[in-house]
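Below: the structure, in structure tokens.
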Amino acid sequence: MAGSLISRALGALELLAEHPHGIALQDVADSLNLPKSAAHRLMASLAEYGYVRQDAASAHYMLTTRLLSVALGYLAGSGISDLVQPLMDRLAASTGELVRLSVIDGDPPDQRQVWVGKAQGAHQGLRYDPDMGKTAPLSCTATGFAWLACLSDEDALQLVSRQGIANGPDLGPNAPHTLKDVLKRLDEARKRGYALVIDSSQPGLAAIAVAVRHPQTKDVIGVLSVSGPSARLSEDRMRAIAPELQQTAIEMGQSHQSSSLFRTHSKT
């Protein structure tokens with residue numbers, strides 16, 4: 001019973017995170033496959049502990065900032081800000097684009113890739129600046145390809161199949177639509193030593209990414225990327241950025257013991 005309650009509570013928090021402007025009680029019940037009365041008790045309990053609030057005007061339920069405070073507190077305590085931010089800031093200043101770091105979370109076969117840090121180098125004109133804390137889509141992003149290219153085809157396809165191939169009207173025209181397409185992108189990334197995409201995860205976006213590896217075991221502990229508008233971040237420019245991006249990723253890997261977040265996702 002306890003496990004069921006915890007599962008429902010976590011499911012509710014993840015659901016509300018997908019609806020920052022709030023969601024109706026009936027939609028909560030439908031999404032979690034619960035009777036409306038049970039969904040109401042669940043929301044009331046989460047509200048009692050300060051994780052959920054109900055909007056007075058719409059009666060919709062939404063997250064408070066408490067969950068964000070917990071997450072930010074964890075990141076601050078992990079030491080990742082002191083370790084990684086100066087390296088990301090340096091790369092962002094050099095490239096003039098958005099730099100992001102993701103870490104590999106969980107154990108096989110349930111691993112996922114989560115963006116945990118960023119530095120914005122673009123101070124004017126077009127900017128690409130997504131929210132942190134989201135799971136990276138594996139089938140259409142440079143971040144996903146950079147990680148998957150370090151795995152066997154079998155393991156990579158298993159992860160993509162579990163997450164599902166991204167689809168929908170927001171994807172760019174160059175997004176892969178089949179597992180065969182994904183494998184082609186991984187082969188290209190392996191040959192280059194880094195992954196790059198243009199108009200894939202969304203129209204008008206380009207990105208280049210490289211794996212951050214444990215210096216001894218060579219396990220992938222994260223992925224570092226540079227992204228921006230494709231009108232400015234051409235393929236030639238990304239290729240020119242690649243050496244500095246790769247060097248920064250090496251520095252992050254060599255410093256991994258300074259952060260518990262990286263140590264959690266390495267085998268030593």
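Numbering starts fresh at 1 for the residues of each chain in the structure tokens, the chains themselves are lettered A, B, ... in the order given, and ligands are numbered from 1 as they appear.
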
Those in region 217-247 of chain A with strand (DSSP E or B) from DSSP, as a PyMOL selection string: chain A and resi 220-229

Mind writing the picked residues with N, CA and C atoms as an mmCIF file, in the first residue's frame?
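Listed below is the output, out.cif:
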data_model
loop_
_atom_site.group_PDB
_atom_site.id
_atom_site.type_symbol
_atom_site.label_atom_id
_atom_site.label_comp_id
_atom_site.auth_asym_id
_atom_site.auth_seq_id
_atom_site.Cartn_x
_atom_site.Cartn_y
_atom_site.Cartn_z
ATOM 1 N N VAL A 220 30.373 7.035 -19.701
ATOM 2 C CA VAL A 220 29.761 8.347 -19.945
ATOM 3 C C VAL A 220 29.062 8.798 -18.670
ATOM 4 N N ILE A 221 29.480 9.935 -18.122
ATOM 5 C CA ILE A 221 28.864 10.455 -16.906
ATOM 6 C C ILE A 221 28.039 11.704 -17.182
ATOM 7 N N GLY A 222 28.129 12.222 -18.401
ATOM 8 C CA GLY A 222 27.345 13.387 -18.771
ATOM 9 C C GLY A 222 27.544 13.713 -20.246
ATOM 10 N N VAL A 223 26.881 14.749 -20.698
ATOM 11 C CA VAL A 223 27.030 15.230 -22.072
ATOM 12 C C VAL A 223 27.049 16.751 -22.038
ATOM 13 N N LEU A 224 28.001 17.329 -22.739
ATOM 14 C CA LEU A 224 28.141 18.782 -22.834
ATOM 15 C C LEU A 224 27.762 19.208 -24.249
ATOM 16 N N SER A 225 26.964 20.271 -24.361
ATOM 17 C CA SER A 225 26.498 20.693 -25.681
ATOM 18 C C SER A 225 26.539 22.203 -25.842
ATOM 19 N N VAL A 226 26.578 22.618 -27.088
ATOM 20 C CA VAL A 226 26.433 24.033 -27.467
ATOM 21 C C VAL A 226 25.293 24.093 -28.469
ATOM 22 N N SER A 227 24.337 24.974 -28.260
ATOM 23 C CA SER A 227 23.181 25.054 -29.148
ATOM 24 C C SER A 227 22.775 26.507 -29.379
ATOM 25 N N GLY A 228 22.080 26.710 -30.496
ATOM 26 C CA GLY A 228 21.627 28.053 -30.829
ATOM 27 C C GLY A 228 20.837 28.038 -32.125
ATOM 28 N N PRO A 229 20.390 29.180 -32.578
ATOM 29 C CA PRO A 229 19.625 29.264 -33.828
ATOM 30 C C PRO A 229 20.463 28.771 -35.003
#

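If you count only C-alpha atoms and ignore residues fewer than 5 places along the chain from Ala195 (chain A), what sits within 7 Å of it is Ala142, Phe145, Ala146, Ala189, Ile208, Ala209 and Val210 of chain A.
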
How about saving the chosen residues, C-alpha atoms kept, as a PDB file, in the first residue's frame?
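Final file, result-v8.pdb:
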ATOM      1  CA  ALA A 142      22.570  16.146 -30.261  1.00  0.00           C
ATOM      2  CA  PHE A 145      22.996  11.135 -29.967  1.00  0.00           C
ATOM      3  CA  ALA A 146      26.277  11.958 -28.188  1.00  0.00           C
ATOM      4  CA  ALA A 189      28.461  10.762 -34.453  1.00  0.00           C
ATOM      5  CA  ILE A 208      26.650  20.057 -31.182  1.00  0.00           C
ATOM      6  CA  ALA A 209      27.317  17.715 -28.249  1.00  0.00           C
ATOM      7  CA  VAL A 210      30.094  15.530 -26.867  1.00  0.00           C
TER       8      VAL A 210
END

At a cut-off of 10 Å, using only C-alpha atoms, what residues contact Arg237 (chain A)? Leave out same-chain residues fewer than 5 positions from it and give the result as a list in words.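 These residues fall inside the cut-off: Thr95, Arg232 and Ala242 of chain A.
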
Those residues with N, CA and C atoms, as a PDB file, in the first residue's frame please?
ATOM      1  N   THR A  95      31.913  30.882 -27.354  1.00  0.00           N
ATOM      2  CA  THR A  95      31.070  30.559 -28.509  1.00  0.00           C
ATOM      3  C   THR A  95      29.950  31.563 -28.733  1.00  0.00           C
ATOM      4  N   ARG A 232      22.463  31.075 -37.224  1.00  0.00           N
ATOM      5  CA  ARG A 232      23.745  31.583 -36.737  1.00  0.00           C
ATOM      6  C   ARG A 232      24.751  30.453 -36.491  1.00  0.00           C
ATOM      7  N   ALA A 242      33.955  22.424 -32.261  1.00  0.00           N
ATOM      8  CA  ALA A 242      34.135  21.070 -31.736  1.00  0.00           C
ATOM      9  C   ALA A 242      35.391  20.872 -30.892  1.00  0.00           C
TER      10      ALA A 242
END

I'd like the contact shell of Asn174 (chain A) - 8 Å cut-off, only C-alpha atoms, skipping same-chain residues fewer than 2 positions apart - returned as a PDB file with C-alpha atoms, in the first residue's frame.
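The new file around12.pdb reads:
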ATOM      1  CA  GLY A 172      12.159  19.913 -37.085  1.00  0.00           C
ATOM      2  CA  PRO A 176      14.624  10.862 -37.318  1.00  0.00           C
ATOM      3  CA  ILE A 198      20.260  21.018 -37.481  1.00  0.00           C
ATOM      4  CA  ASP A 199      16.468  21.450 -37.540  1.00  0.00           C
ATOM      5  CA  SER A 200      15.930  18.182 -35.676  1.00  0.00           C
TER       6      SER A 200
END

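The closest residue to Asp170 (chain A), picked from A:Ser31, A:Gln26, A:Ser201, A:Thr248 and counting only C-alpha atoms, is A:Ser201.
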
Which residue gives the smallest distance to Gly22 (chain A) among A:Glu251, A:Asp110, A:Glu235, A:Asp55, with only C-alpha atoms counted? A:Asp55

Non-local contacts of Ser234 (chain A) (10 Å; only C-alpha atoms; under 4 positions in same chain excluded) as a list in words: Val197, Ile198, Leu205, Ala206, Ala207, Gly228, Pro229, Ser230, Met238, Arg239 and Ala240 of chain A

Distance query Ala47 (chain A) at most 10 Å, only C-alpha atoms, self and fewer than 4 positions along chain excluded, as a PyMOL selection string: chain A and resi 41-43+51-54+61-64

Take the residues just selected and output them with C-alpha atoms as an mmCIF file, in the first residue's frame.
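Written file, part-v3.cif:
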data_model
loop_
_atom_site.group_PDB
_atom_site.id
_atom_site.type_symbol
_atom_site.label_atom_id
_atom_site.label_comp_id
_atom_site.auth_asym_id
_atom_site.auth_seq_id
_atom_site.Cartn_x
_atom_site.Cartn_y
_atom_site.Cartn_z
ATOM 1 C CA ARG A 41 -7.377 13.248 -1.433
ATOM 2 C CA LEU A 42 -3.993 12.944 -3.110
ATOM 3 C CA MET A 43 -3.938 16.620 -4.124
ATOM 4 C CA TYR A 51 4.178 20.781 -2.785
ATOM 5 C CA VAL A 52 0.879 21.641 -4.481
ATOM 6 C CA ARG A 53 -1.516 24.576 -4.418
ATOM 7 C CA GLN A 54 -4.949 25.162 -5.907
ATOM 8 C CA TYR A 61 -3.877 22.334 -9.204
ATOM 9 C CA MET A 62 -0.251 23.331 -9.756
ATOM 10 C CA LEU A 63 3.138 22.864 -8.177
ATOM 11 C CA THR A 64 4.543 25.279 -5.634
#

Can you work out the spacing between CA of Arg162 (chain A) and CA of Glu18 (chain A) in Å, to one decimal?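 These atoms are spaced 19.2 Å apart.
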
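Distance check against Leu183 (chain A) using only C-alpha atoms: of A:Cys140, A:Pro203, A:Arg213, A:Ala93, the minimum falls on A:Cys140.
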
Nearest to Ser102 (chain A) among A:Leu171, A:Met252, A:Ala122, A:Leu233, with distances taken over only C-alpha atoms: which residue is it? A:Met252

According to DSSP computed on the backbone, where in region 52-258 of chain A is there helix (DSSP H, G or I)? Give the residues as a PyMOL selection string. chain A and resi 66-78+80-95+142-148+153-163+179-192+235-254+256-258

Looking at A:Gly117, A:Glu48, A:Ala57, A:Ser4, which one is nearest to Leu34 (chain A), with distances taken over only C-alpha atoms? A:Ser4

For Ile6 (chain A), please output as a VMD selection string all residues within 12 Å (counting only C-alpha atoms; exclusion window: fewer than 5 positions along the same chain). chain A and resid 1 11 to 13 42 45 to 46

So, counting only C-alpha atoms, which residue among A:Gln163, A:Gln120, A:Ser7, A:Thr135 is closest to Gly96 (chain A)?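 Smallest separation from Gly96 (chain A) among the options: A:Gln120.
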